[in-house]
Amino acid sequence: MARHRREPSTRTLRVNPVACDGIGICQHVAPNLVRADSWGYPIVSGQTLGGADKRAAEAAVASCPRQALFVVVAQNAPQPR
Amino acid sequence: MTARLHLVAPQAPHASPSRPGAAPLLDAVVTYPAGQPFPVTSTATHDLAAHWQHYGDRPQATGRAGPQLIDTIEHLALAGRGGGYFPTAAKWRAHLRAGGGGVVVANGAESEPASAKDAALLQLRPHLVLDGLACAAEAVGAHSTIVWLHAGAHASHASMVRAIAERRRAGLVEPDVRIAVGPERYLSGESSAIMRALAGGPALPEFRRVPGTSNGVPTLVHNIETVARTALAVRPGAPLRTPTSLLTVATAAGRAVVEVAGTTPLWQVLDGILGLGATAAQQAVLLGGYGGAWIDRSTFEQLRADEASARSLGVSLGAGVLLPLHRESCGLAQTSAIADYLATGSARQCGPCLFGLRAVADGLAELVELRARRRDARRLQHVLAEISGRGACHHPDGAVRMVASALRAFAEDVRAHLHGTGCQHDGIGGFFPVPAGP
C-alpha cells in the first residue's frame, strides 16, 4: 500500500473587491505583492507566496482597514510514495 | 419588422403524441416590435389544458425517480442556457453534495436587454417553465421554488400569476412556487445578486471567497430556457444533446425570437428573419449579447446555431442573441452606446468596475466623436487589460470582451476616427436602441 506524506500547501494573496475601498495601505506594506491600478485599487498577482512573501502577505492582510485582503491556503494533492 | 418576416420553421424531430419530449419549445417566430412589450406571434399561449394536450402530464421526480431524473438529464447532456452552458446535471449533483434541499429559482430577470427568449417562454409557455421548475426541485429535494422577475416585466409577471393560479385550481402536486421581483437593473439577474436579494439583502452581486458557494439557504438558480428544456427532457422521446437553439435577432425595429435546428447556419436565421439577402448587407454581428463578441461577417457565415460549432471557432452563442450591424453603420457608435449602458449598469461595489467601465465608455465616446488621439487609444487598451477579472462578478469581464472585440472587428474605423476624418458610415439601418438607464 502506498504511504502518503502530508504535502506542503500553496498560499496566495487575494482581495475581496466589494470590501475594498482602494485605501492603499496594502501597497505600502507589501509592495512586492500588491500594486495599484489606475484608480488606486490593488492588483494582486495571484502568485504562490514563498518565504518572506508569506510574512508580507500576513502583514498586508492585518493592515487593511476594510479587512478586504485574505490568504487562500490550498492543500496540494497528496502524492503516493 | 413584421412585414419582412419569413417564418423559419424549426425542425420538428419526430415529435408525436407519444414523444412529447421531442416537441419544440416555440413552433413559430415570436416578435417584439420596438416599444411594444407584448409578443406578436401566430402561436397561442398554452394554458394548462393546451399544455397537457401538447406535452402530456409532468413526470414526477419524487423518491427514487429523483436520481433517475438526474441521470436522464445527464444522458441528454442538457446545459445551462443563460450563456454559460454549464452541464445542468453537474449543477444538480453539486447542489446535492452540498446537502441538497433549499430553493430552486427560475431566473426570468433577463438582464440581457437584447434577448427576448426568456420573456417569450414565460409569456407563451408558462407551464413548461413551471413543470421544469417543479422537476428540478423534486430532483434535488428542494421544497420551494421561485420565479424571479424584473419589476417592470408586466407581461411575464401576469402570465406567471395566471399559470400558477391555474395549477393551484387543478390541484397539481408539486413544490410550492411563488414569484419574487427584483429591481429593474442590469445585474438583477446575476446569480449571487438573486441569492442576496432572497436573503433580504440588496439585489447586487456578492463576493464569494470560494466561487459557487453561498452563505444562506442552498439555492439553485437556472435560466428560464434551461428550466423549460428540463420539462421537455423529462418526457418520453426527448432527444440527445438538445438539437435546437433558441435565438433572438435584435435590430432597431424590434426583436424576433426563433427556435431553429442546431445545424442551421446563422446567416440563414438572419435572412429568415430580416429577409433574403439581409446577411450580405451586414458588416458584423454582435453575438451573445452585450457581454458577447463582435464577429465579422465572413466568420459569422461559418457559424451554425449550435454552441459546439461556435466554440470550435473560438466564440460562444451566449444568450443566443444576434445583433447585426449594417454595412453602412458605425460599429464603434453602437459599441459606445452599449459600453455606456454597461458602465451605468455597474453595481458600483468594486473599484475596477465602477471606474474602469466608465473610463472605457468615456474613451469610446471620445473615439466616436473624433476627439481621441493615438495615446487615448493606447490608454483604452490599457484599461481593458487592467479591469478584467477584478470584480466580484463577471460584468466587467463581459464588457471588456465586447469592447475588445469591437476594436478588433472595426480596426479600420478606429484608424479613421483617430485620423480625425471619421469612418464615413452614416448609420443607414439604424442602431439597436440601448436602454438609457441601468
# chains A, B, ... in the order shown; residues from 1 in each chain; ligands from 1

call {"tool": "select_by_dssp", "arguments": {"residues": "chain A", "states": "alpha helix (DSSP H)", "output": "PyMOL selection string"}}
result
chain A and resi 25-29+52-63

call {"tool": "write_last_selection", "arguments": {"atoms": "all heavy atoms", "output": "compact mmCIF listing (two decimals), in the first residue's frame"}}
result
# COMPACT_ATOMS: atom_id res chain seq x y z
N ILE A 25 -3.21 50.96 1.80
CA ILE A 25 -2.17 50.66 2.79
C ILE A 25 -1.41 49.39 2.37
O ILE A 25 -0.19 49.31 2.51
CB ILE A 25 -2.78 50.51 4.20
CG1 ILE A 25 -3.33 51.86 4.66
CG2 ILE A 25 -1.75 49.95 5.18
CD1 ILE A 25 -4.02 51.83 5.99
N CYS A 26 -2.13 48.43 1.84
CA CYS A 26 -1.51 47.15 1.42
C CYS A 26 -0.37 47.38 0.44
O CYS A 26 0.64 46.65 0.47
CB CYS A 26 -2.57 46.23 0.82
SG CYS A 26 -3.49 46.95 -0.55
N GLN A 27 -0.51 48.36 -0.42
CA GLN A 27 0.51 48.61 -1.42
C GLN A 27 1.80 49.11 -0.78
O GLN A 27 2.90 48.91 -1.31
CB GLN A 27 0.00 49.62 -2.46
CG GLN A 27 -1.14 49.04 -3.30
CD GLN A 27 -2.14 50.08 -3.76
OE1 GLN A 27 -1.77 51.20 -4.12
NE2 GLN A 27 -3.42 49.73 -3.75
N HIS A 28 1.70 49.77 0.35
CA HIS A 28 2.88 50.23 1.07
C HIS A 28 3.49 49.10 1.90
O HIS A 28 4.71 48.97 1.99
CB HIS A 28 2.53 51.41 1.99
CG HIS A 28 2.17 52.64 1.23
ND1 HIS A 28 3.10 53.39 0.54
CD2 HIS A 28 0.97 53.24 1.02
CE1 HIS A 28 2.49 54.41 -0.05
NE2 HIS A 28 1.21 54.34 0.22
N VAL A 29 2.62 48.31 2.52
CA VAL A 29 3.09 47.24 3.42
C VAL A 29 3.72 46.10 2.63
O VAL A 29 4.69 45.49 3.08
CB VAL A 29 1.89 46.74 4.27
CG1 VAL A 29 2.22 45.45 4.97
CG2 VAL A 29 1.47 47.82 5.26
N ALA A 52 9.69 35.12 2.56
CA ALA A 52 9.40 36.44 3.12
C ALA A 52 8.05 36.96 2.63
O ALA A 52 7.38 37.73 3.32
CB ALA A 52 10.51 37.42 2.72
N ASP A 53 7.65 36.53 1.44
CA ASP A 53 6.36 36.97 0.89
C ASP A 53 5.21 36.56 1.80
O ASP A 53 4.21 37.27 1.91
CB ASP A 53 6.14 36.40 -0.51
CG ASP A 53 6.97 37.12 -1.56
OD1 ASP A 53 7.48 38.21 -1.25
OD2 ASP A 53 7.09 36.60 -2.68
N LYS A 54 5.34 35.38 2.44
CA LYS A 54 4.25 34.94 3.31
C LYS A 54 4.05 35.93 4.45
O LYS A 54 2.92 36.27 4.80
CB LYS A 54 4.59 33.56 3.90
CG LYS A 54 4.35 32.40 2.96
CD LYS A 54 4.44 31.06 3.71
CE LYS A 54 4.89 29.95 2.79
NZ LYS A 54 5.16 28.69 3.49
N ARG A 55 5.17 36.42 5.03
CA ARG A 55 5.07 37.36 6.15
C ARG A 55 4.52 38.69 5.65
O ARG A 55 3.70 39.32 6.32
CB ARG A 55 6.43 37.54 6.82
CG ARG A 55 6.83 36.34 7.67
CD ARG A 55 8.13 36.60 8.44
NE ARG A 55 9.28 36.71 7.56
CZ ARG A 55 9.90 35.65 7.02
NH1 ARG A 55 9.47 34.43 7.26
NH2 ARG A 55 10.95 35.81 6.23
N ALA A 56 4.96 39.12 4.48
CA ALA A 56 4.47 40.38 3.92
C ALA A 56 2.97 40.28 3.66
O ALA A 56 2.22 41.23 3.91
CB ALA A 56 5.22 40.71 2.63
N ALA A 57 2.52 39.13 3.18
CA ALA A 57 1.10 38.94 2.89
C ALA A 57 0.28 39.03 4.18
O ALA A 57 -0.76 39.69 4.23
CB ALA A 57 0.87 37.60 2.20
N GLU A 58 0.80 38.37 5.24
CA GLU A 58 0.07 38.41 6.51
C GLU A 58 0.01 39.84 7.05
O GLU A 58 -1.01 40.28 7.61
CB GLU A 58 0.74 37.49 7.54
CG GLU A 58 0.63 36.00 7.20
CD GLU A 58 -0.81 35.50 7.14
OE1 GLU A 58 -1.69 36.07 7.81
OE2 GLU A 58 -1.06 34.55 6.37
N ALA A 59 1.10 40.57 6.86
CA ALA A 59 1.12 41.97 7.31
C ALA A 59 0.11 42.80 6.52
O ALA A 59 -0.59 43.65 7.08
CB ALA A 59 2.53 42.56 7.16
N ALA A 60 0.03 42.54 5.23
CA ALA A 60 -0.92 43.29 4.40
C ALA A 60 -2.34 42.98 4.83
O ALA A 60 -3.19 43.89 4.95
CB ALA A 60 -0.71 42.94 2.92
N VAL A 61 -2.63 41.70 5.06
CA VAL A 61 -3.98 41.29 5.49
C VAL A 61 -4.36 42.02 6.78
O VAL A 61 -5.45 42.55 6.94
CB VAL A 61 -4.04 39.75 5.68
CG1 VAL A 61 -5.31 39.35 6.42
CG2 VAL A 61 -3.96 39.05 4.34
N ALA A 62 -3.38 42.04 7.73
CA ALA A 62 -3.65 42.67 9.03
C ALA A 62 -3.80 44.18 8.93
O ALA A 62 -4.49 44.81 9.75
CB ALA A 62 -2.52 42.32 10.02
N SER A 63 -3.15 44.77 7.92
CA SER A 63 -3.12 46.23 7.83
C SER A 63 -4.37 46.84 7.20
O SER A 63 -4.57 48.05 7.28
CB SER A 63 -1.90 46.67 7.01
OG SER A 63 -2.15 46.43 5.63

call {"tool": "select_by_dssp", "arguments": {"residues": "segment 178-240 of chain B", "states": "strand (DSSP E)", "output": "ChimeraX atom specification"}}
result
/B:178-182,219-223

call {"tool": "write_last_selection", "arguments": {"atoms": "N, CA, C and O atoms", "output": "compact mmCIF listing (two decimals), in the first residue's frame"}}
result
# COMPACT_ATOMS: atom_id res chain seq x y z
N ARG B 178 -43.59 30.52 -5.91
CA ARG B 178 -44.02 31.90 -5.77
C ARG B 178 -43.18 32.78 -6.71
O ARG B 178 -42.14 32.35 -7.21
N ILE B 179 -43.66 33.99 -6.92
CA ILE B 179 -42.94 34.95 -7.77
C ILE B 179 -42.21 35.93 -6.86
O ILE B 179 -42.77 36.42 -5.88
N ALA B 180 -40.95 36.20 -7.16
CA ALA B 180 -40.20 37.23 -6.44
C ALA B 180 -39.70 38.23 -7.47
O ALA B 180 -39.32 37.86 -8.58
N VAL B 181 -39.71 39.49 -7.08
CA VAL B 181 -39.43 40.56 -8.04
C VAL B 181 -38.20 41.36 -7.61
O VAL B 181 -38.04 41.68 -6.43
N GLY B 182 -37.30 41.63 -8.55
CA GLY B 182 -36.11 42.42 -8.25
C GLY B 182 -36.14 43.73 -9.00
O GLY B 182 -36.95 43.93 -9.90
N THR B 219 -29.31 27.40 -2.69
CA THR B 219 -30.17 27.91 -3.75
C THR B 219 -29.63 27.52 -5.11
O THR B 219 -28.46 27.74 -5.40
N LEU B 220 -30.45 26.93 -5.93
CA LEU B 220 -30.09 26.55 -7.29
C LEU B 220 -30.75 27.57 -8.22
O LEU B 220 -31.96 27.76 -8.16
N VAL B 221 -29.95 28.24 -9.04
CA VAL B 221 -30.50 29.25 -9.95
C VAL B 221 -30.35 28.76 -11.39
O VAL B 221 -29.26 28.42 -11.81
N HIS B 222 -31.46 28.72 -12.12
CA HIS B 222 -31.43 28.27 -13.51
C HIS B 222 -32.05 29.31 -14.42
O HIS B 222 -33.03 29.95 -14.07
N ASN B 223 -31.52 29.42 -15.62
CA ASN B 223 -32.12 30.25 -16.66
C ASN B 223 -33.49 29.69 -17.05
O ASN B 223 -33.72 28.48 -16.95

call {"tool": "interface_residues", "arguments": {"of": "chain B", "to": "chain A", "cutoff": "7 Å", "atoms": "only C-alpha atoms", "output": "compact mmCIF listing (two decimals) with C-alpha atoms, in the first residue's frame"}}
result
# COMPACT_ATOMS: atom_id res chain seq x y z
CA PHE B 207 -18.22 38.27 -3.46
CA GLN B 349 -19.37 47.83 -5.46
CA CYS B 350 -15.93 47.22 -6.94
CA GLY B 351 -13.49 49.97 -7.85
CA PRO B 352 -12.09 48.40 -11.04
CA GLY B 391 -14.77 42.42 -9.96
CA ALA B 392 -16.97 40.32 -7.72

call {"tool": "closest_residue", "arguments": {"among": "B:Ala116, B:Ala339, B:Tyr85, B:Ala44", "to": "Gly254 of chain B", "atoms": "only C-alpha atoms"}}
result
B:Ala116

call {"tool": "closest_residue", "arguments": {"among": "B:Leu276, B:Leu325, B:Pro211, B:Leu122", "to": "Thr45 of chain B", "atoms": "only C-alpha atoms"}}
result
B:Leu122

call {"tool": "residues_around", "arguments": {"residues": "Lys117 of chain B", "least_positions_apart": "3", "cutoff": "7 Å", "atoms": "only C-alpha atoms", "output": "JSON, numbers by chain"}}
result
{"B": [120, 121, 246, 247, 248, 257]}

call {"tool": "closest_residue", "arguments": {"among": "B:Val434, B:Val227, B:Ala347, B:Leu149", "to": "Ala137 of chain B", "atoms": "only C-alpha atoms"}}
result
B:Val227

call {"tool": "residues_around", "arguments": {"residues": "segment 278-283 of chain B", "least_positions_apart": "6", "cutoff": "12 Å", "atoms": "only C-alpha atoms", "output": "ChimeraX atom specification"}}
result
/B:4-6,249,251,265-272,294-301,322-331,406,409-410,413,425,427-430

call {"tool": "write_last_selection", "arguments": {"atoms": "N, CA, C and O atoms", "output": "short mmCIF file (atom, residue, chain, number, x, y, z; two decimals), in the first residue's frame"}}
result
data_model
loop_
_atom_site.label_atom_id
_atom_site.label_comp_id
_atom_site.auth_asym_id
_atom_site.auth_seq_id
_atom_site.Cartn_x
_atom_site.Cartn_y
_atom_site.Cartn_z
N ARG B 4 -41.49 42.13 -42.94
CA ARG B 4 -40.44 41.44 -43.67
C ARG B 4 -40.19 40.05 -43.08
O ARG B 4 -39.22 39.41 -43.42
N LEU B 5 -41.07 39.62 -42.21
CA LEU B 5 -40.82 38.36 -41.52
C LEU B 5 -41.07 37.15 -42.40
O LEU B 5 -42.09 37.04 -43.03
N HIS B 6 -40.12 36.27 -42.42
CA HIS B 6 -40.34 34.98 -43.07
C HIS B 6 -40.24 33.93 -41.98
O HIS B 6 -39.31 33.95 -41.21
N VAL B 249 -33.01 37.67 -32.65
CA VAL B 249 -32.41 38.62 -33.59
C VAL B 249 -32.87 40.01 -33.16
O VAL B 249 -34.08 40.26 -33.07
N THR B 251 -32.77 44.16 -33.72
CA THR B 251 -32.45 45.28 -34.59
C THR B 251 -33.17 46.53 -34.10
O THR B 251 -33.91 46.47 -33.11
N PRO B 265 -27.37 27.21 -40.33
CA PRO B 265 -26.37 28.28 -40.37
C PRO B 265 -26.99 29.58 -39.85
O PRO B 265 -28.15 29.88 -40.13
N LEU B 266 -26.21 30.33 -39.08
CA LEU B 266 -26.75 31.57 -38.50
C LEU B 266 -27.12 32.58 -39.59
O LEU B 266 -28.05 33.37 -39.40
N TRP B 267 -26.42 32.55 -40.72
CA TRP B 267 -26.78 33.51 -41.78
C TRP B 267 -28.19 33.23 -42.30
O TRP B 267 -28.91 34.15 -42.67
N GLN B 268 -28.57 31.95 -42.28
CA GLN B 268 -29.93 31.59 -42.70
C GLN B 268 -30.96 32.12 -41.70
O GLN B 268 -32.06 32.51 -42.09
N VAL B 269 -30.59 32.12 -40.43
CA VAL B 269 -31.51 32.65 -39.41
C VAL B 269 -31.73 34.14 -39.66
O VAL B 269 -32.86 34.63 -39.67
N LEU B 270 -30.62 34.88 -39.90
CA LEU B 270 -30.74 36.32 -40.17
C LEU B 270 -31.57 36.58 -41.42
O LEU B 270 -32.47 37.42 -41.42
N ASP B 271 -31.26 35.85 -42.49
CA ASP B 271 -32.01 36.03 -43.73
C ASP B 271 -33.48 35.69 -43.52
O ASP B 271 -34.37 36.32 -44.08
N GLY B 272 -33.73 34.64 -42.73
CA GLY B 272 -35.11 34.22 -42.50
C GLY B 272 -35.91 35.27 -41.75
O GLY B 272 -37.11 35.46 -42.00
N TRP B 294 -18.16 40.83 -31.02
CA TRP B 294 -18.44 41.20 -32.39
C TRP B 294 -17.74 40.21 -33.32
O TRP B 294 -16.55 39.93 -33.18
N ILE B 295 -18.50 39.69 -34.27
CA ILE B 295 -17.98 38.73 -35.24
C ILE B 295 -18.07 39.37 -36.63
O ILE B 295 -19.14 39.86 -36.99
N ASP B 296 -16.96 39.37 -37.37
CA ASP B 296 -17.06 39.93 -38.72
C ASP B 296 -17.90 39.00 -39.60
O ASP B 296 -18.08 37.83 -39.28
N ARG B 297 -18.40 39.56 -40.70
CA ARG B 297 -19.38 38.80 -41.49
C ARG B 297 -18.83 37.47 -42.01
O ARG B 297 -19.53 36.46 -42.02
N SER B 298 -17.59 37.45 -42.44
CA SER B 298 -17.07 36.20 -43.02
C SER B 298 -16.97 35.10 -41.98
O SER B 298 -17.24 33.94 -42.28
N THR B 299 -16.62 35.43 -40.74
CA THR B 299 -16.60 34.42 -39.68
C THR B 299 -18.03 34.01 -39.34
O THR B 299 -18.34 32.83 -39.17
N PHE B 300 -18.91 35.02 -39.27
CA PHE B 300 -20.32 34.76 -38.95
C PHE B 300 -20.93 33.76 -39.91
O PHE B 300 -21.71 32.89 -39.53
N GLU B 301 -20.56 33.87 -41.20
CA GLU B 301 -21.15 32.99 -42.22
C GLU B 301 -20.73 31.54 -42.04
O GLU B 301 -21.30 30.64 -42.66
N LEU B 322 -28.39 37.65 -31.60
CA LEU B 322 -27.71 38.09 -32.83
C LEU B 322 -28.08 39.55 -33.04
O LEU B 322 -29.24 39.87 -33.29
N LEU B 323 -27.10 40.43 -32.94
CA LEU B 323 -27.35 41.85 -33.10
C LEU B 323 -26.57 42.29 -34.34
O LEU B 323 -25.37 42.58 -34.26
N PRO B 324 -27.21 42.31 -35.53
CA PRO B 324 -26.48 42.60 -36.75
C PRO B 324 -26.18 44.09 -36.90
O PRO B 324 -26.98 44.94 -36.49
N LEU B 325 -25.04 44.38 -37.53
CA LEU B 325 -24.66 45.76 -37.81
C LEU B 325 -24.60 45.94 -39.32
O LEU B 325 -23.80 45.28 -39.99
N HIS B 326 -25.44 46.83 -39.84
CA HIS B 326 -25.48 47.08 -41.27
C HIS B 326 -24.16 47.66 -41.75
O HIS B 326 -23.47 48.37 -41.01
N ARG B 327 -23.80 47.35 -43.02
CA ARG B 327 -22.50 47.80 -43.51
C ARG B 327 -22.39 49.32 -43.57
O ARG B 327 -21.28 49.84 -43.62
N GLU B 328 -23.51 50.02 -43.56
CA GLU B 328 -23.47 51.48 -43.58
C GLU B 328 -23.41 52.09 -42.17
O GLU B 328 -23.38 53.31 -42.02
N SER B 329 -23.44 51.26 -41.16
CA SER B 329 -23.47 51.77 -39.78
C SER B 329 -22.08 51.75 -39.17
O SER B 329 -21.22 50.97 -39.57
N CYS B 330 -21.88 52.58 -38.17
CA CYS B 330 -20.60 52.65 -37.48
C CYS B 330 -20.62 51.74 -36.27
O CYS B 330 -21.35 52.00 -35.30
N GLY B 331 -19.84 50.67 -36.31
CA GLY B 331 -19.80 49.72 -35.20
C GLY B 331 -19.30 50.35 -33.91
O GLY B 331 -19.71 49.97 -32.81
N ALA B 406 -14.79 44.67 -30.45
CA ALA B 406 -15.17 45.78 -31.33
C ALA B 406 -13.93 46.46 -31.89
O ALA B 406 -13.87 46.78 -33.09
N ALA B 409 -12.72 44.11 -34.57
CA ALA B 409 -13.59 43.98 -35.74
C ALA B 409 -13.69 45.28 -36.54
O ALA B 409 -13.84 45.26 -37.76
N PHE B 410 -13.61 46.41 -35.85
CA PHE B 410 -13.76 47.71 -36.51
C PHE B 410 -12.43 48.47 -36.53
O PHE B 410 -12.41 49.71 -36.44
N ASP B 413 -12.08 51.39 -38.83
CA ASP B 413 -12.83 52.56 -38.39
C ASP B 413 -12.09 53.26 -37.24
O ASP B 413 -12.11 54.50 -37.14
N HIS B 425 -19.37 56.10 -42.14
CA HIS B 425 -20.62 55.33 -42.06
C HIS B 425 -21.72 56.27 -41.58
O HIS B 425 -21.56 56.99 -40.59
N GLY B 427 -24.89 55.34 -40.79
CA GLY B 427 -25.89 54.76 -39.90
C GLY B 427 -27.18 54.29 -40.55
O GLY B 427 -28.15 54.08 -39.86
N ILE B 428 -27.18 54.11 -41.87
CA ILE B 428 -28.38 53.56 -42.51
C ILE B 428 -28.64 52.18 -41.93
O ILE B 428 -27.73 51.39 -41.76
N GLY B 429 -29.88 51.88 -41.62
CA GLY B 429 -30.20 50.60 -40.99
C GLY B 429 -30.41 50.77 -39.51
O GLY B 429 -30.97 49.92 -38.84
N GLY B 430 -29.96 51.89 -38.99
CA GLY B 430 -30.23 52.20 -37.60
C GLY B 430 -29.41 51.39 -36.62
O GLY B 430 -28.73 50.44 -36.98
#

call {"tool": "atom_distance", "arguments": {"atom1": "atom CA of Val73 of chain A", "atom2": "atom CA of Ala90 of chain B"}}
result
25.7 Å

call {"tool": "residues_around", "arguments": {"residues": "Thr12 of chain A", "least_positions_apart": "4", "cutoff": "8 Å", "atoms": "only C-alpha atoms", "output": "VMD selection string"}}
result
chain A and resid 46 to 49 71 to 73

call {"tool": "atom_distance", "arguments": {"atom1": "atom CA of Ala139 of chain B", "atom2": "atom CA of Ala197 of chain B"}}
result
24.4 Å

call {"tool": "residues_around", "arguments": {"residues": "segment 393-395 of chain B", "least_positions_apart": "2", "cutoff": "12 Å", "atoms": "only C-alpha atoms", "output": "PyMOL selection string"}}
result
(chain A and resi 16-18) or (chain B and resi 83-84+111-112+186-193+204-209+211-212+290-292+339+341-350+352-354+356-357+387-391+397-402)
